[in-house]
$ cat work11.pdb   # PDB, C-alpha atoms
ATOM      1  CA  MET J   1     102.187 116.568 101.499  1.00  0.00           C
ATOM      2  CA  TYR J   2     103.222 112.937 101.043  1.00  0.00           C
ATOM      3  CA  GLN J   3     101.401 110.214  99.164  1.00  0.00           C
ATOM      4  CA  ASP J   4     103.355 107.048  99.906  1.00  0.00           C
ATOM      5  CA  SER J   5     101.585 104.747 102.387  1.00  0.00           C
ATOM      6  CA  LYS J   6     104.728 102.723 103.132  1.00  0.00           C
ATOM      7  CA  PHE J   7     105.876 105.654 105.298  1.00  0.00           C
ATOM      8  CA  ASP J   8     102.550 106.183 107.130  1.00  0.00           C
ATOM      9  CA  GLN J   9     103.445 104.035 110.128  1.00  0.00           C
ATOM     10  CA  LEU J  10     106.675 105.964 110.764  1.00  0.00           C
ATOM     11  CA  PHE J  11     104.974 109.354 110.376  1.00  0.00           C
ATOM     12  CA  SER J  12     102.237 108.263 112.761  1.00  0.00           C
ATOM     13  CA  TYR J  13     104.864 107.085 115.276  1.00  0.00           C
ATOM     14  CA  ILE J  14     106.613 110.474 115.130  1.00  0.00           C
ATOM     15  CA  ASP J  15     103.333 112.430 115.330  1.00  0.00           C
ATOM     16  CA  ASN J  16     102.380 110.523 118.488  1.00  0.00           C
ATOM     17  CA  ILE J  17     105.545 111.827 120.134  1.00  0.00           C
ATOM     18  CA  TYR J  18     105.582 115.390 118.822  1.00  0.00           C
ATOM     19  CA  ARG J  19     103.681 117.111 116.030  1.00  0.00           C
ATOM     20  CA  LEU J  20     106.264 118.476 113.608  1.00  0.00           C
ATOM     21  CA  PRO J  21     105.630 120.930 110.743  1.00  0.00           C
ATOM     22  CA  ASP J  22     104.739 119.714 107.256  1.00  0.00           C
ATOM     23  CA  GLN J  23     108.072 121.024 105.941  1.00  0.00           C
ATOM     24  CA  PHE J  24     109.886 118.604 108.282  1.00  0.00           C
ATOM     25  CA  LYS J  25     107.795 115.740 106.927  1.00  0.00           C
ATOM     26  CA  SER J  26     108.640 116.759 103.364  1.00  0.00           C
ATOM     27  CA  ASP J  27     112.358 116.929 104.195  1.00  0.00           C
ATOM     28  CA  LEU J  28     112.202 113.574 105.941  1.00  0.00           C
ATOM     29  CA  LEU J  29     110.325 111.995 103.059  1.00  0.00           C
ATOM     30  CA  GLU J  30     113.024 113.122 100.602  1.00  0.00           C
ATOM     31  CA  ARG J  31     115.624 111.238 102.642  1.00  0.00           C
ATOM     32  CA  LEU J  32     113.756 108.058 103.562  1.00  0.00           C
ATOM     33  CA  HIS J  33     114.402 104.704 101.911  1.00  0.00           C
ATOM     34  CA  TYR J  34     112.257 101.580 101.835  1.00  0.00           C
ATOM     35  CA  LYS J  35     113.177  97.945 101.301  1.00  0.00           C
ATOM     36  CA  LYS J  36     111.515  94.538 101.528  1.00  0.00           C
ATOM     37  CA  TYR J  37     113.652  91.696 102.864  1.00  0.00           C
ATOM     38  CA  GLY J  38     113.073  87.978 102.627  1.00  0.00           C
ATOM     39  CA  LYS J  39     113.471  85.505 105.470  1.00  0.00           C
ATOM     40  CA  LYS J  40     117.018  85.139 106.901  1.00  0.00           C
ATOM     41  CA  GLU J  41     118.471  88.133 105.037  1.00  0.00           C
ATOM     42  CA  LEU J  42     121.229  90.210 106.585  1.00  0.00           C
ATOM     43  CA  VAL J  43     120.472  93.875 107.192  1.00  0.00           C
ATOM     44  CA  LEU J  44     123.844  94.502 108.882  1.00  0.00           C
ATOM     45  CA  ARG J  45     126.963  92.358 108.770  1.00  0.00           C
ATOM     46  CA  GLU J  46     129.573  92.098 111.484  1.00  0.00           C
ATOM     47  CA  GLY J  47     132.441  94.462 110.653  1.00  0.00           C
ATOM     48  CA  ASP J  48     130.290  96.899 108.658  1.00  0.00           C
ATOM     49  CA  ILE J  49     129.542 100.370 109.966  1.00  0.00           C
ATOM     50  CA  ASN J  50     125.850 100.761 110.727  1.00  0.00           C
ATOM     51  CA  GLN J  51     124.966 103.625 108.342  1.00  0.00           C
ATOM     52  CA  TYR J  52     121.182 103.662 108.815  1.00  0.00           C
ATOM     53  CA  ILE J  53     118.538 103.787 111.489  1.00  0.00           C
ATOM     54  CA  TYR J  54     115.768 101.356 110.533  1.00  0.00           C
ATOM     55  CA  PHE J  55     112.068 101.442 111.360  1.00  0.00           C
ATOM     56  CA  VAL J  56     110.246  98.111 111.115  1.00  0.00           C
ATOM     57  CA  ASN J  57     107.024  98.487 109.126  1.00  0.00           C
ATOM     58  CA  SER J  58     106.375  94.754 109.331  1.00  0.00           C
ATOM     59  CA  GLY J  59     108.291  91.594 110.043  1.00  0.00           C
ATOM     60  CA  THR J  60     110.652  90.317 112.701  1.00  0.00           C
ATOM     61  CA  LEU J  61     114.424  90.642 113.078  1.00  0.00           C
ATOM     62  CA  ARG J  62     117.098  89.686 115.533  1.00  0.00           C
ATOM     63  CA  ALA J  63     120.381  91.232 116.534  1.00  0.00           C
ATOM     64  CA  PHE J  64     123.097  88.754 117.459  1.00  0.00           C
ATOM     65  CA  TYR J  65     126.840  88.287 117.780  1.00  0.00           C
ATOM     66  CA  GLU J  66     129.136  85.315 117.633  1.00  0.00           C
ATOM     67  CA  LYS J  67     130.897  84.031 120.732  1.00  0.00           C
ATOM     68  CA  ASN J  68     133.083  80.917 120.698  1.00  0.00           C
ATOM     69  CA  GLY J  69     131.539  79.842 117.408  1.00  0.00           C
ATOM     70  CA  GLU J  70     127.971  80.165 118.734  1.00  0.00           C
ATOM     71  CA  GLU J  71     125.358  82.750 117.805  1.00  0.00           C
ATOM     72  CA  VAL J  72     124.107  84.723 120.804  1.00  0.00           C
ATOM     73  CA  SER J  73     120.891  86.684 120.296  1.00  0.00           C
ATOM     74  CA  SER J  74     121.051  90.141 121.850  1.00  0.00           C
ATOM     75  CA  TRP J  75     117.484  91.235 121.053  1.00  0.00           C
ATOM     76  CA  PHE J  76     114.496  90.960 118.729  1.00  0.00           C
ATOM     77  CA  MET J  77     112.615  93.658 116.836  1.00  0.00           C
ATOM     78  CA  THR J  78     109.112  93.588 115.367  1.00  0.00           C
ATOM     79  CA  SER J  79     106.669  95.953 113.698  1.00  0.00           C
ATOM     80  CA  GLY J  80     106.848  99.468 115.133  1.00  0.00           C
ATOM     81  CA  ASP J  81     110.417  99.107 116.459  1.00  0.00           C
ATOM     82  CA  PHE J  82     113.569 100.974 115.514  1.00  0.00           C
ATOM     83  CA  ILE J  83     116.743  98.977 114.956  1.00  0.00           C
ATOM     84  CA  ILE J  84     120.409  99.883 114.913  1.00  0.00           C
ATOM     85  CA  SER J  85     123.642  98.460 116.185  1.00  0.00           C
ATOM     86  CA  VAL J  86     123.920 101.138 118.874  1.00  0.00           C
ATOM     87  CA  TYR J  87     127.704 101.121 119.239  1.00  0.00           C
ATOM     88  CA  SER J  88     128.397 101.140 115.510  1.00  0.00           C
ATOM     89  CA  PHE J  89     125.732 103.699 114.595  1.00  0.00           C
ATOM     90  CA  PHE J  90     126.782 106.312 117.144  1.00  0.00           C
ATOM     91  CA  THR J  91     130.567 105.800 117.137  1.00  0.00           C
ATOM     92  CA  ARG J  92     130.837 105.199 113.367  1.00  0.00           C
ATOM     93  CA  ASN J  93     132.949 102.102 114.113  1.00  0.00           C
ATOM     94  CA  PRO J  94     132.529  98.584 112.696  1.00  0.00           C
ATOM     95  CA  SER J  95     129.687  96.588 114.205  1.00  0.00           C
ATOM     96  CA  PHE J  96     130.297  93.504 116.316  1.00  0.00           C
ATOM     97  CA  GLU J  97     126.600  92.680 115.908  1.00  0.00           C
ATOM     98  CA  ILE J  98     124.699  91.196 113.008  1.00  0.00           C
ATOM     99  CA  ILE J  99     121.099  92.136 112.218  1.00  0.00           C
ATOM    100  CA  GLU J 100     119.116  89.476 110.358  1.00  0.00           C
ATOM    101  CA  THR J 101     115.483  89.057 109.373  1.00  0.00           C
ATOM    102  CA  ILE J 102     113.635  86.129 110.929  1.00  0.00           C
ATOM    103  CA  LYS J 103     110.752  86.366 108.491  1.00  0.00           C
ATOM    104  CA  GLU J 104     109.805  88.613 105.586  1.00  0.00           C
ATOM    105  CA  THR J 105     110.321  92.181 106.686  1.00  0.00           C
ATOM    106  CA  GLU J 106     109.669  95.697 105.406  1.00  0.00           C
ATOM    107  CA  LEU J 107     112.015  98.430 106.608  1.00  0.00           C
ATOM    108  CA  VAL J 108     111.978 102.201 106.269  1.00  0.00           C
ATOM    109  CA  TYR J 109     115.399 103.690 106.907  1.00  0.00           C
ATOM    110  CA  LEU J 110     117.345 106.931 107.153  1.00  0.00           C
ATOM    111  CA  HIS J 111     121.082 107.526 106.764  1.00  0.00           C
ATOM    112  CA  PHE J 112     123.066 108.706 109.791  1.00  0.00           C
ATOM    113  CA  GLU J 113     124.000 111.995 108.065  1.00  0.00           C
ATOM    114  CA  ASP J 114     120.392 112.673 107.062  1.00  0.00           C
ATOM    115  CA  LEU J 115     119.248 112.063 110.632  1.00  0.00           C
ATOM    116  CA  ASN J 116     121.775 114.607 111.890  1.00  0.00           C
ATOM    117  CA  PHE J 117     120.795 117.075 109.170  1.00  0.00           C
ATOM    118  CA  LEU J 118     117.182 116.886 110.365  1.00  0.00           C
ATOM    119  CA  TYR J 119     118.241 117.307 114.008  1.00  0.00           C
ATOM    120  CA  GLU J 120     120.137 120.475 113.090  1.00  0.00           C
ATOM    121  CA  LYS J 121     117.480 121.949 110.803  1.00  0.00           C
ATOM    122  CA  TYR J 122     114.507 121.152 113.054  1.00  0.00           C
ATOM    123  CA  LEU J 123     115.476 121.590 116.690  1.00  0.00           C
ATOM    124  CA  GLU J 124     112.081 120.298 117.796  1.00  0.00           C
ATOM    125  CA  PHE J 125     112.918 116.973 116.095  1.00  0.00           C
ATOM    126  CA  ASN J 126     115.484 116.534 118.865  1.00  0.00           C
ATOM    127  CA  ILE J 127     112.526 116.059 121.229  1.00  0.00           C
ATOM    128  CA  VAL J 128     111.444 113.065 119.144  1.00  0.00           C
ATOM    129  CA  GLY J 129     114.989 111.683 119.149  1.00  0.00           C
ATOM    130  CA  ARG J 130     115.280 112.117 122.913  1.00  0.00           C
ATOM    131  CA  LYS J 131     111.938 110.405 123.586  1.00  0.00           C
ATOM    132  CA  ILE J 132     112.834 107.452 121.345  1.00  0.00           C
ATOM    133  CA  THR J 133     116.279 107.162 122.963  1.00  0.00           C
ATOM    134  CA  GLU J 134     114.734 107.259 126.458  1.00  0.00           C
ATOM    135  CA  HIS J 135     112.228 104.572 125.479  1.00  0.00           C
ATOM    136  CA  TYR J 136     114.901 102.194 124.169  1.00  0.00           C
ATOM    137  CA  TYR J 137     117.291 102.920 127.023  1.00  0.00           C
ATOM    138  CA  MET J 138     114.589 101.965 129.537  1.00  0.00           C
ATOM    139  CA  LYS J 139     113.788  98.799 127.557  1.00  0.00           C
ATOM    140  CA  SER J 140     117.487  97.934 127.540  1.00  0.00           C
ATOM    141  CA  GLU J 141     117.741  98.388 131.303  1.00  0.00           C
ATOM    142  CA  GLU J 142     114.642  96.253 131.771  1.00  0.00           C
ATOM    143  CA  ARG J 143     116.100  93.451 129.630  1.00  0.00           C
ATOM    144  CA  ILE J 144     119.400  93.578 131.532  1.00  0.00           C
ATOM    145  CA  LEU J 145     117.478  93.315 134.791  1.00  0.00           C
ATOM    146  CA  GLY J 146     115.696  90.216 133.469  1.00  0.00           C
ATOM    147  CA  LEU J 147     118.949  88.579 132.382  1.00  0.00           C
ATOM    148  CA  ARG J 148     120.512  89.159 135.809  1.00  0.00           C
ATOM    149  CA  LYS J 149     118.066  86.758 137.391  1.00  0.00           C
ATOM    150  CA  GLN J 150     120.002  83.734 138.604  1.00  0.00           C
ATOM    151  CA  LYS J 151     117.604  80.925 137.768  1.00  0.00           C
ATOM    152  CA  THR J 152     116.922  80.066 134.141  1.00  0.00           C
ATOM    153  CA  GLN J 153     113.210  79.671 134.882  1.00  0.00           C
ATOM    154  CA  ASP J 154     113.099  83.168 136.404  1.00  0.00           C
ATOM    155  CA  ARG J 155     114.715  84.628 133.261  1.00  0.00           C
ATOM    156  CA  TYR J 156     112.183  82.855 131.077  1.00  0.00           C
ATOM    157  CA  GLU J 157     109.219  83.968 133.240  1.00  0.00           C
ATOM    158  CA  PHE J 158     110.493  87.566 133.140  1.00  0.00           C
ATOM    159  CA  LEU J 159     110.571  87.381 129.332  1.00  0.00           C
ATOM    160  CA  VAL J 160     107.041  85.932 129.229  1.00  0.00           C
ATOM    161  CA  GLU J 161     105.735  88.664 131.531  1.00  0.00           C
ATOM    162  CA  LYS J 162     107.405  91.631 129.829  1.00  0.00           C
ATOM    163  CA  TYR J 163     107.635  90.513 126.183  1.00  0.00           C
ATOM    164  CA  PRO J 164     105.013  87.819 125.509  1.00  0.00           C
ATOM    165  CA  TYR J 165     104.986  88.563 121.762  1.00  0.00           C
ATOM    166  CA  ILE J 166     108.515  87.179 121.547  1.00  0.00           C
ATOM    167  CA  LEU J 167     107.263  83.677 122.300  1.00  0.00           C
ATOM    168  CA  GLU J 168     104.911  83.846 119.315  1.00  0.00           C
ATOM    169  CA  GLU J 169     107.290  85.530 116.853  1.00  0.00           C
ATOM    170  CA  ILE J 170     110.741  84.109 117.642  1.00  0.00           C
ATOM    171  CA  PRO J 171     112.041  80.542 117.136  1.00  0.00           C
ATOM    172  CA  ALA J 172     112.962  78.717 120.356  1.00  0.00           C
ATOM    173  CA  LYS J 173     116.665  78.407 119.455  1.00  0.00           C
ATOM    174  CA  PHE J 174     116.986  82.216 119.309  1.00  0.00           C
ATOM    175  CA  ILE J 175     115.085  82.698 122.576  1.00  0.00           C
ATOM    176  CA  ALA J 176     117.315  80.102 124.255  1.00  0.00           C
ATOM    177  CA  SER J 177     120.500  81.832 123.059  1.00  0.00           C
ATOM    178  CA  TYR J 178     119.168  85.178 124.300  1.00  0.00           C
ATOM    179  CA  LEU J 179     118.409  83.686 127.726  1.00  0.00           C
ATOM    180  CA  GLY J 180     121.781  81.930 127.902  1.00  0.00           C
ATOM    181  CA  MET J 181     120.455  78.380 127.904  1.00  0.00           C
ATOM    182  CA  THR J 182     120.145  75.422 125.572  1.00  0.00           C
ATOM    183  CA  THR J 183     116.974  74.743 123.601  1.00  0.00           C
ATOM    184  CA  GLU J 184     116.549  71.572 125.688  1.00  0.00           C
ATOM    185  CA  THR J 185     116.571  73.609 128.923  1.00  0.00           C
ATOM    186  CA  LEU J 186     114.095  76.057 127.415  1.00  0.00           C
ATOM    187  CA  SER J 187     111.847  73.172 126.382  1.00  0.00           C
ATOM    188  CA  ARG J 188     111.956  71.694 129.916  1.00  0.00           C
ATOM    189  CA  ILE J 189     111.062  75.075 131.450  1.00  0.00           C
ATOM    190  CA  ARG J 190     108.171  75.548 129.018  1.00  0.00           C
ATOM    191  CA  ASN J 191     106.857  72.064 129.793  1.00  0.00           C
ATOM    192  CA  LYS J 192     107.155  72.659 133.530  1.00  0.00           C
ATOM    193  CA  ILE J 193     105.209  75.910 133.295  1.00  0.00           C
TER
END
$ encode --input "work11.pdb" --output "structure tokens"
Amino acid sequence: MYQDSKFDQLFSYIDNIYRLPDQFKSDLLERLHYKKYGKKELVLREGDINQYIYFVNSGTLRAFYEKNGEEVSSWFMTSGDFIISVYSFFTRNPSFEIIETIKETELVYLHFEDLNFLYEKYLEFNIVGRKITEHYYMKSEERILGLRKQKTQDRYEFLVEKYPYILEEIPAKFIASYLGMTTETLSRIRNKI
């Protein structure tokens, strides 16, 4: 059916949700793209329309926006994650977010129109889309809950409990901006704990 190992991780991810026919996999393979990115490369610029849904084969990325001249991290993605600027991808409007690699990254990606073609041709693929959407919606709600905590230490401890890999993968300045604190405050909390 397909011979290219750079797509294996994505196909495995999909198969774990719902086993789709080989013809779907062939159609998907015809539409998939692959790209290696270096460290600190932009995948999506502010003001561009997010045309693709990306699957992270390897590497680490961050989504962020600028506020009052400061970069504010909105989330981090690592191997096995999907990434899009949600608003831009679904509304077809310019993105207010920027997606940037933190370290060398390999992405597999699919154009918005190709994704919709596959949804229409393979109705059962909508089950996969729904399950992925549910997963990321729940993660988003969980992150919002963590950020609502009043004390900076509580926000940090929530992050450690729910997403410990972030502390290993992400530079402190990005974690601090995500948590709404300075790197000095983050350092003091880490030392206290």
$ resolve_selection --input "work11.pdb" --expression "the PyMOL selection byres ((chain J and resi 132) around 12)" --output "PyMOL selection string"
chain J and resi 13-14+16-18+53+55+80-83+125-131+133-139
$ write_last_selection --input "work11.pdb" --atoms "C-alpha atoms" --output "JSON list (two decimals), in the coordinates of the input"
[["chain", "number", "residue", "atom", "x", "y", "z"],
["J", 13, "TYR", "CA", 104.86, 107.08, 115.28],
["J", 14, "ILE", "CA", 106.61, 110.47, 115.13],
["J", 16, "ASN", "CA", 102.38, 110.52, 118.49],
["J", 17, "ILE", "CA", 105.54, 111.83, 120.13],
["J", 18, "TYR", "CA", 105.58, 115.39, 118.82],
["J", 53, "ILE", "CA", 118.54, 103.79, 111.49],
["J", 55, "PHE", "CA", 112.07, 101.44, 111.36],
["J", 80, "GLY", "CA", 106.85, 99.47, 115.13],
["J", 81, "ASP", "CA", 110.42, 99.11, 116.46],
["J", 82, "PHE", "CA", 113.57, 100.97, 115.51],
["J", 83, "ILE", "CA", 116.74, 98.98, 114.96],
["J", 125, "PHE", "CA", 112.92, 116.97, 116.10],
["J", 126, "ASN", "CA", 115.48, 116.53, 118.86],
["J", 127, "ILE", "CA", 112.53, 116.06, 121.23],
["J", 128, "VAL", "CA", 111.44, 113.06, 119.14],
["J", 129, "GLY", "CA", 114.99, 111.68, 119.15],
["J", 130, "ARG", "CA", 115.28, 112.12, 122.91],
["J", 131, "LYS", "CA", 111.94, 110.40, 123.59],
["J", 133, "THR", "CA", 116.28, 107.16, 122.96],
["J", 134, "GLU", "CA", 114.73, 107.26, 126.46],
["J", 135, "HIS", "CA", 112.23, 104.57, 125.48],
["J", 136, "TYR", "CA", 114.90, 102.19, 124.17],
["J", 137, "TYR", "CA", 117.29, 102.92, 127.02],
["J", 138, "MET", "CA", 114.59, 101.96, 129.54],
["J", 139, "LYS", "CA", 113.79, 98.80, 127.56]]
$ atom_distance --input "work11.pdb" --atom1 "atom CA of Thr152 of chain J" --atom2 "atom CA of Ser79 of chain J"
27.8 Å
$ resolve_selection --input "work11.pdb" --expression "the PyMOL selection byres ((chain J and resi 35) around 9)" --output "ChimeraX atom specification"
/J:33-34,36-37,105-109
$ resolve_selection --input "work11.pdb" --expression "the PyMOL selection byres ((chain J and resi 71) around 12)" --output "ChimeraX atom specification"
/J:62-70,72-74,96-100,173-178,180,182
$ closest_residue --input "work11.pdb" --among "J:Leu20, J:Val86, J:Leu61, J:Leu179" --to "Ile49 of chain J" --atoms "all atoms listed in the file"
J:Val86
$ atom_distance --input "work11.pdb" --atom1 "atom CA of Ile166 of chain J" --atom2 "atom CA of Phe76 of chain J"
7.6 Å
$ residues_around --input "work11.pdb" --residues "Phe112 of chain J" --least-positions-apart "4" --cutoff "7 Å" --atoms "only C-alpha atoms" --output "VMD selection string"
chain J and resid 51 to 53 116
$ build_atoms --input "work11.pdb" --residues "segment 161-178 of chain J" --atoms "N, CA and C atoms" --output "compact mmCIF listing (two decimals), in the coordinates of the input"
# COMPACT_ATOMS: atom_id res chain seq x y z
N GLU J 161 106.52 87.58 130.93
CA GLU J 161 105.74 88.66 131.53
C GLU J 161 105.90 89.98 130.77
N LYS J 162 107.13 90.32 130.43
CA LYS J 162 107.40 91.63 129.83
C LYS J 162 107.28 91.66 128.31
N TYR J 163 107.59 90.55 127.65
CA TYR J 163 107.64 90.51 126.18
C TYR J 163 106.95 89.25 125.65
N PRO J 164 105.68 89.06 125.93
CA PRO J 164 105.01 87.82 125.51
C PRO J 164 104.99 87.61 123.99
N TYR J 165 105.01 88.69 123.23
CA TYR J 165 104.99 88.56 121.76
C TYR J 165 106.20 87.81 121.24
N ILE J 166 107.29 87.86 121.98
CA ILE J 166 108.52 87.18 121.55
C ILE J 166 108.28 85.67 121.41
N LEU J 167 107.50 85.12 122.32
CA LEU J 167 107.26 83.68 122.30
C LEU J 167 106.49 83.25 121.05
N GLU J 168 105.69 84.16 120.51
CA GLU J 168 104.91 83.85 119.32
C GLU J 168 105.72 84.08 118.04
N GLU J 169 106.59 85.07 118.06
CA GLU J 169 107.29 85.53 116.85
C GLU J 169 108.66 84.88 116.63
N ILE J 170 109.33 84.47 117.71
CA ILE J 170 110.74 84.11 117.64
C ILE J 170 110.93 82.61 117.82
N PRO J 171 111.74 81.97 116.96
CA PRO J 171 112.04 80.54 117.14
C PRO J 171 112.73 80.26 118.48
N ALA J 172 112.45 79.10 119.03
CA ALA J 172 112.96 78.72 120.36
C ALA J 172 114.49 78.79 120.44
N LYS J 173 115.20 78.41 119.37
CA LYS J 173 116.66 78.41 119.46
C LYS J 173 117.22 79.82 119.66
N PHE J 174 116.54 80.83 119.12
CA PHE J 174 116.99 82.22 119.31
C PHE J 174 116.65 82.71 120.71
N ILE J 175 115.48 82.33 121.21
CA ILE J 175 115.08 82.70 122.58
C ILE J 175 116.06 82.07 123.57
N ALA J 176 116.38 80.80 123.36
CA ALA J 176 117.32 80.10 124.26
C ALA J 176 118.68 80.79 124.27
N SER J 177 119.18 81.18 123.09
CA SER J 177 120.50 81.83 123.06
C SER J 177 120.45 83.19 123.74
N TYR J 178 119.33 83.89 123.61
CA TYR J 178 119.17 85.18 124.30
C TYR J 178 119.18 84.99 125.81
